[in-house]
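Quick look at data-v4.tsv (TSV, C-alpha atoms):
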chain	number	residue	atom	x	y	z
A	1	ALA	CA	-13.37	4.62	-11.29
A	2	GLN	CA	-12.86	4.07	-7.60
A	3	ARG	CA	-11.47	6.74	-5.36
A	4	VAL	CA	-10.43	7.05	-1.71
A	5	THR	CA	-10.19	10.40	0.02
A	6	GLN	CA	-8.51	11.15	3.32
A	7	PRO	CA	-9.15	14.84	3.87
A	8	GLU	CA	-6.59	15.35	6.63
A	9	LYS	CA	-2.94	15.13	5.72
A	10	LEU	CA	-1.84	15.84	9.29
A	11	LEU	CA	-3.60	15.16	12.57
A	12	SER	CA	-2.23	15.96	15.99
A	13	VAL	CA	-3.73	14.96	19.30
A	14	PHE	CA	-2.56	14.62	22.87
A	15	LYS	CA	-2.11	11.29	24.60
A	16	GLY	CA	-5.38	10.04	26.02
A	17	ALA	CA	-7.52	12.09	23.66
A	18	PRO	CA	-9.91	10.50	21.19
A	19	VAL	CA	-8.82	10.37	17.60
A	20	GLU	CA	-10.71	9.96	14.35
A	21	LEU	CA	-9.08	9.62	10.96
A	22	LYS	CA	-11.52	10.27	8.17
A	23	CYS	CA	-11.89	8.24	5.01
A	24	ASN	CA	-14.46	8.54	2.25
A	25	TYR	CA	-14.70	6.42	-0.85
A	26	SER	CA	-16.45	6.22	-4.17
A	27	TYR	CA	-16.95	2.89	-5.88
A	28	SER	CA	-19.76	1.51	-7.99
A	29	GLY	CA	-19.36	-2.03	-6.71
A	30	SER	CA	-19.54	-3.58	-3.28
A	31	PRO	CA	-16.67	-2.02	-1.32
A	32	GLU	CA	-14.08	-3.86	0.69
A	33	LEU	CA	-12.18	-1.40	2.84
A	34	PHE	CA	-9.00	-1.51	4.83
A	35	TRP	CA	-6.84	0.61	7.06
A	36	TYR	CA	-3.09	0.21	6.73
A	37	VAL	CA	-0.49	1.70	9.03
A	38	GLN	CA	3.13	2.56	8.41
A	39	TYR	CA	5.25	3.23	11.47
A	40	SER	CA	8.48	5.15	11.12
A	41	ARG	CA	10.97	3.23	8.97
A	42	GLN	CA	8.77	0.17	8.78
A	43	ARG	CA	6.80	-1.41	6.01
A	44	LEU	CA	3.14	-0.98	5.40
A	45	GLN	CA	1.03	-3.35	7.48
A	46	LEU	CA	-2.63	-4.15	7.76
A	47	LEU	CA	-4.38	-2.56	10.72
A	48	LEU	CA	-7.92	-3.72	10.13
A	49	ARG	CA	-10.46	-4.63	7.47
A	50	HIS	CA	-14.13	-3.84	7.52
A	51	ILE	CA	-15.32	-7.40	6.93
A	52	SER	CA	-13.61	-8.57	10.11
A	53	ARG	CA	-15.40	-6.03	12.30
A	54	GLU	CA	-12.60	-6.34	14.81
A	55	SER	CA	-10.71	-3.97	17.02
A	56	ILE	CA	-6.95	-3.86	16.65
A	57	LYS	CA	-4.77	-1.91	19.06
A	58	GLY	CA	-7.92	-0.19	20.26
A	59	PHE	CA	-8.83	1.06	16.79
A	60	THR	CA	-12.20	0.43	15.19
A	61	ALA	CA	-13.72	1.42	11.88
A	62	ASP	CA	-17.29	1.06	10.70
A	63	LEU	CA	-18.32	1.03	7.09
A	64	ASN	CA	-21.14	3.49	6.48
A	65	LYS	CA	-22.45	2.84	2.99
A	66	GLY	CA	-24.92	5.69	3.19
A	67	GLU	CA	-22.17	8.21	3.79
A	68	THR	CA	-19.59	6.18	1.85
A	69	SER	CA	-17.23	6.49	4.79
A	70	PHE	CA	-14.88	4.24	6.73
A	71	HIS	CA	-13.51	6.43	9.49
A	72	LEU	CA	-10.89	5.07	11.89
A	73	LYS	CA	-11.44	5.76	15.56
A	74	LYS	CA	-9.70	5.23	18.85
A	75	PRO	CA	-11.09	6.53	22.15
A	76	PHE	CA	-7.74	7.09	23.86
A	77	ALA	CA	-4.72	7.75	21.67
A	78	GLN	CA	-1.27	6.55	22.71
A	79	GLU	CA	2.12	7.92	21.71
A	80	GLU	CA	2.94	4.66	19.93
A	81	ASP	CA	-0.01	5.28	17.62
A	82	SER	CA	1.99	8.00	15.88
A	83	ALA	CA	2.34	6.81	12.28
A	84	MET	CA	1.09	7.25	8.73
A	85	TYR	CA	-2.35	5.77	8.18
A	86	TYR	CA	-3.76	4.83	4.80
A	87	CYS	CA	-7.33	3.98	3.99
A	88	ALA	CA	-7.60	1.61	1.05
A	89	LEU	CA	-10.31	0.18	-1.15
A	90	MET	CA	-9.95	-3.23	-2.70
A	91	THR	CA	-11.54	-4.18	-5.99
A	92	GLY	CA	-12.35	-7.77	-6.48
A	93	GLY	CA	-12.87	-10.22	-9.25
A	94	THR	CA	-9.88	-11.77	-10.92
A	95	SER	CA	-7.75	-8.86	-9.80
A	96	TYR	CA	-8.49	-9.42	-6.14
A	97	GLY	CA	-5.89	-7.58	-4.21
A	98	LYS	CA	-5.74	-4.37	-6.20
A	99	LEU	CA	-5.78	-1.58	-3.69
A	100	THR	CA	-6.64	2.04	-4.23
A	101	PHE	CA	-5.08	4.08	-1.47
A	102	GLY	CA	-6.07	7.37	0.01
A	103	GLN	CA	-3.51	10.11	0.36
A	104	GLY	CA	-2.65	9.09	3.89
A	105	THR	CA	-2.90	10.87	7.24
A	106	ILE	CA	0.10	11.43	9.46
A	107	LEU	CA	-1.04	11.02	13.05
A	108	THR	CA	1.08	12.53	15.78
A	109	VAL	CA	0.22	11.81	19.38
A	110	HIS	CA	1.89	14.22	21.78
A	111	PRO	CA	2.76	13.24	25.35
B	1	GLY	CA	3.71	-13.97	9.84
B	2	ALA	CA	4.26	-13.98	6.13
B	3	VAL	CA	7.23	-12.04	4.83
B	4	VAL	CA	7.76	-10.23	1.57
B	5	SER	CA	11.25	-9.02	0.84
B	6	GLN	CA	12.44	-6.49	-1.71
B	7	HIS	CA	15.96	-6.10	-3.03
B	8	PRO	CA	17.71	-3.77	-3.25
B	9	SER	CA	16.32	-1.46	-0.60
B	10	ARG	CA	18.17	1.46	-2.13
B	11	VAL	CA	19.70	1.94	-5.54
B	12	ILE	CA	21.34	4.88	-7.24
B	13	CYS	CA	21.95	4.78	-10.95
B	14	LYS	CA	22.91	7.01	-13.82
B	15	SER	CA	20.38	8.29	-16.28
B	16	GLY	CA	19.90	5.91	-19.19
B	17	THR	CA	20.73	2.73	-17.33
B	18	SER	CA	18.26	-0.02	-16.36
B	19	VAL	CA	17.56	-1.10	-12.82
B	20	LYS	CA	15.99	-4.34	-11.62
B	21	ILE	CA	14.07	-4.60	-8.34
B	22	GLU	CA	13.14	-7.97	-6.91
B	23	CYS	CA	10.12	-8.87	-4.80
B	24	ARG	CA	10.15	-12.23	-3.05
B	25	SER	CA	7.58	-13.97	-0.92
B	26	LEU	CA	9.79	-15.79	1.56
B	27	ASP	CA	7.44	-18.27	3.19
B	28	PHE	CA	4.45	-18.58	0.89
B	29	GLN	CA	3.64	-18.87	-2.76
B	30	ALA	CA	2.14	-15.87	-4.46
B	31	THR	CA	0.47	-16.26	-7.82
B	32	THR	CA	-0.24	-12.56	-7.81
B	33	MET	CA	1.92	-9.66	-6.78
B	34	PHE	CA	1.34	-5.95	-7.11
B	35	TRP	CA	3.76	-3.11	-7.77
B	36	TYR	CA	3.14	0.35	-6.38
B	37	ARG	CA	4.94	3.63	-6.70
B	38	GLN	CA	5.04	6.20	-3.93
B	39	PHE	CA	6.15	9.79	-4.35
B	40	PRO	CA	7.43	11.68	-1.31
B	41	LYS	CA	4.69	12.31	1.22
B	42	GLN	CA	2.09	11.07	-1.22
B	43	SER	CA	-0.07	8.03	-1.62
B	44	LEU	CA	0.79	4.69	-3.14
B	45	MET	CA	-0.25	4.35	-6.75
B	46	LEU	CA	-0.78	0.94	-8.27
B	47	MET	CA	1.40	0.44	-11.31
B	48	ALA	CA	0.67	-3.12	-12.33
B	49	THR	CA	-0.54	-6.54	-11.32
B	50	SER	CA	2.06	-9.25	-11.74
B	51	ASN	CA	0.70	-12.70	-12.55
B	52	GLU	CA	2.84	-15.81	-12.33
B	53	GLY	CA	3.31	-17.39	-15.72
B	54	SER	CA	1.51	-14.70	-17.69
B	55	LYS	CA	1.85	-11.08	-18.71
B	56	ALA	CA	1.47	-8.34	-16.19
B	57	THR	CA	-1.58	-6.12	-16.23
B	58	TYR	CA	-0.67	-2.45	-16.23
B	59	GLU	CA	-2.73	0.41	-14.90
B	60	GLN	CA	-3.73	3.22	-17.18
B	61	GLY	CA	-0.92	5.64	-17.81
B	62	VAL	CA	1.88	3.24	-16.85
B	63	GLU	CA	4.29	2.50	-19.71
B	64	LYS	CA	4.75	-1.24	-19.94
B	65	ASP	CA	7.89	-0.89	-22.02
B	66	LYS	CA	9.36	1.40	-19.41
B	67	PHE	CA	8.48	-0.73	-16.41
B	68	LEU	CA	9.04	-4.36	-17.30
B	69	ILE	CA	7.53	-6.89	-14.95
B	70	ASN	CA	8.41	-10.55	-14.88
B	71	HIS	CA	6.79	-13.08	-12.54
B	72	ALA	CA	8.80	-16.15	-13.37
B	73	SER	CA	8.09	-18.19	-10.25
B	74	LEU	CA	5.57	-18.40	-7.45
B	75	THR	CA	7.88	-16.56	-5.11
B	76	LEU	CA	9.53	-13.94	-7.28
B	77	SER	CA	8.43	-10.94	-9.28
B	78	THR	CA	10.86	-8.43	-10.76
B	79	LEU	CA	10.35	-4.85	-11.84
B	80	THR	CA	12.88	-3.47	-14.30
B	81	VAL	CA	12.99	0.26	-14.88
B	82	THR	CA	14.45	0.58	-18.35
B	83	SER	CA	16.47	3.58	-19.50
B	84	ALA	CA	15.87	5.27	-16.20
B	85	HIS	CA	15.55	9.04	-15.99
B	86	PRO	CA	15.50	11.35	-12.97
B	87	GLU	CA	11.70	11.51	-13.07
B	88	ASP	CA	11.65	7.76	-12.40
B	89	SER	CA	13.20	8.39	-9.00
B	90	SER	CA	10.70	7.13	-6.47
B	91	PHE	CA	9.89	4.59	-3.80
B	92	TYR	CA	8.69	1.33	-5.31
B	93	ILE	CA	6.71	-1.06	-3.14
B	94	CYS	CA	5.48	-4.55	-3.92
B	95	SER	CA	2.79	-6.60	-2.26
B	96	ALA	CA	2.08	-10.28	-2.52
B	97	ARG	CA	-1.23	-12.01	-2.10
B	98	ARG	CA	-1.30	-15.13	0.01
B	99	GLY	CA	-4.36	-17.26	-0.46
B	100	GLY	CA	-6.96	-17.95	-3.09
B	101	ALA	CA	-8.05	-15.92	-6.08
B	102	ASN	CA	-10.94	-14.25	-4.31
B	103	THR	CA	-9.65	-14.28	-0.80
B	104	GLY	CA	-6.30	-14.02	0.78
B	105	GLU	CA	-4.26	-11.52	2.61
B	106	LEU	CA	-1.80	-9.00	1.25
B	107	PHE	CA	1.71	-8.54	2.57
B	108	PHE	CA	3.95	-5.66	1.66
B	109	GLY	CA	7.65	-5.47	1.00
B	110	GLU	CA	9.80	-2.89	2.71
B	111	GLY	CA	10.11	-0.87	-0.46
B	112	SER	CA	12.98	0.05	-2.77
B	113	ARG	CA	14.14	3.62	-3.16
B	114	LEU	CA	15.41	4.41	-6.64
B	115	THR	CA	17.43	7.54	-7.28
B	116	VAL	CA	18.36	8.33	-10.86
B	117	LEU	CA	21.12	10.88	-11.29

Let me see the file written as structure tokens.
Amino acid sequence: AQRVTQPEKLLSVFKGAPVELKCNYSYSGSPELFWYVQYSRQRLQLLLRHISRESIKGFTADLNKGETSFHLKKPFAQEEDSAMYYCALMTGGTSYGKLTFGQGTILTVHP
Amino acid sequence: GAVVSQHPSRVICKSGTSVKIECRSLDFQATTMFWYRQFPKQSLMLMATSNEGSKATYEQGVEKDKFLINHASLTLSTLTVTSAHPEDSSFYICSARRGGANTGELFFGEGSRLTVL
């Protein structure tokens, strides 16, 4: 069965500092990975997906199949980045859209 | 962007009663929707996949008679918690898939908080 692990429940950094949110996965198939963000009192929203290889709000994430990781990085954190971040793995086939979420990491960026 | 709406956002009920939560895709058709459950400060756990016009597919360990799912139209899926008990208190979140069977983008509802007294 697939599994997503986010080892850090809480992560605190100061504004302007680099930030890395860790995510590791286990899945026997070809993984499709996502990062979702949930700001305070808002719904879950997509931040980025590995197949797009894009940078959103300064965040990037690279899929490393050898290390089975998909860490989220930003070189200079901003206060507005404070939120809950979830790494998620999607399984495909006829059930495309089923997401397995990690436990989430609460990021706090201090001024 | 696409919007998924859940109703009600909060509901309090007495133990033993049934509660229905609606998930609507407001500006797109969704043949597939997903229901998740989130415990406080914990991850989202997939409960079931809701398929328009057919039976829902439940994840292992989820009681289908307890959590009834109906996907009667392309824009509406409902989750009914039957004979609710305090341990059913949780945050229930739906997502809807916009796009094709092997593609598409997921959009999440704002969630519904159920409290069973």

Residue contacts of A:Asn24 (9 Å, all atoms listed in the file) excluding same-chain residues fewer than 4 positions away, as a ChimeraX atom specification: /A:3-7,67-71,87,102

Prev. selection, C-alpha atoms, output as an mmCIF file, in the coordinates of the input:
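Output below, filename selection-v7.cif:
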data_model
loop_
_atom_site.group_PDB
_atom_site.id
_atom_site.type_symbol
_atom_site.label_atom_id
_atom_site.label_comp_id
_atom_site.auth_asym_id
_atom_site.auth_seq_id
_atom_site.Cartn_x
_atom_site.Cartn_y
_atom_site.Cartn_z
ATOM 1 C CA ARG A 3 -11.470 6.740 -5.360
ATOM 2 C CA VAL A 4 -10.430 7.050 -1.710
ATOM 3 C CA THR A 5 -10.190 10.400 0.020
ATOM 4 C CA GLN A 6 -8.510 11.150 3.320
ATOM 5 C CA PRO A 7 -9.150 14.840 3.870
ATOM 6 C CA GLU A 67 -22.170 8.210 3.790
ATOM 7 C CA THR A 68 -19.590 6.180 1.850
ATOM 8 C CA SER A 69 -17.230 6.490 4.790
ATOM 9 C CA PHE A 70 -14.880 4.240 6.730
ATOM 10 C CA HIS A 71 -13.510 6.430 9.490
ATOM 11 C CA CYS A 87 -7.330 3.980 3.990
ATOM 12 C CA GLY A 102 -6.070 7.370 0.010
#

12 Å contacts from chain A to chain B using all atoms listed in the file, as an NGL selection string: :A and (1 or 3-6 or 9-10 or 32 or 34 or 36-49 or 51 or 84-106)

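Our summary of the geometry notes that atom CA of A:Lys22 is positioned 10.8 Å from atom CA of A:Trp35.
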
Separation of atom CA of A:Gly66 from atom CA of A:Tyr27 in Å: 12.4 Å

Å distance separating atom CA of B:Ser83 from atom CA of B:Pro40, one decimal place: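 We find that atom CA of B:Ser83 and atom CA of B:Pro40 lie 21.9 Å from each other.
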
Long-range neighbours of stretch 62-72 of chain B as number ranges by chain, 10 Å cut-off, all atoms listed in the file, 4 positions minimum in chain: B: 18-23, 30-33, 35, 46-58, 76-84, 88
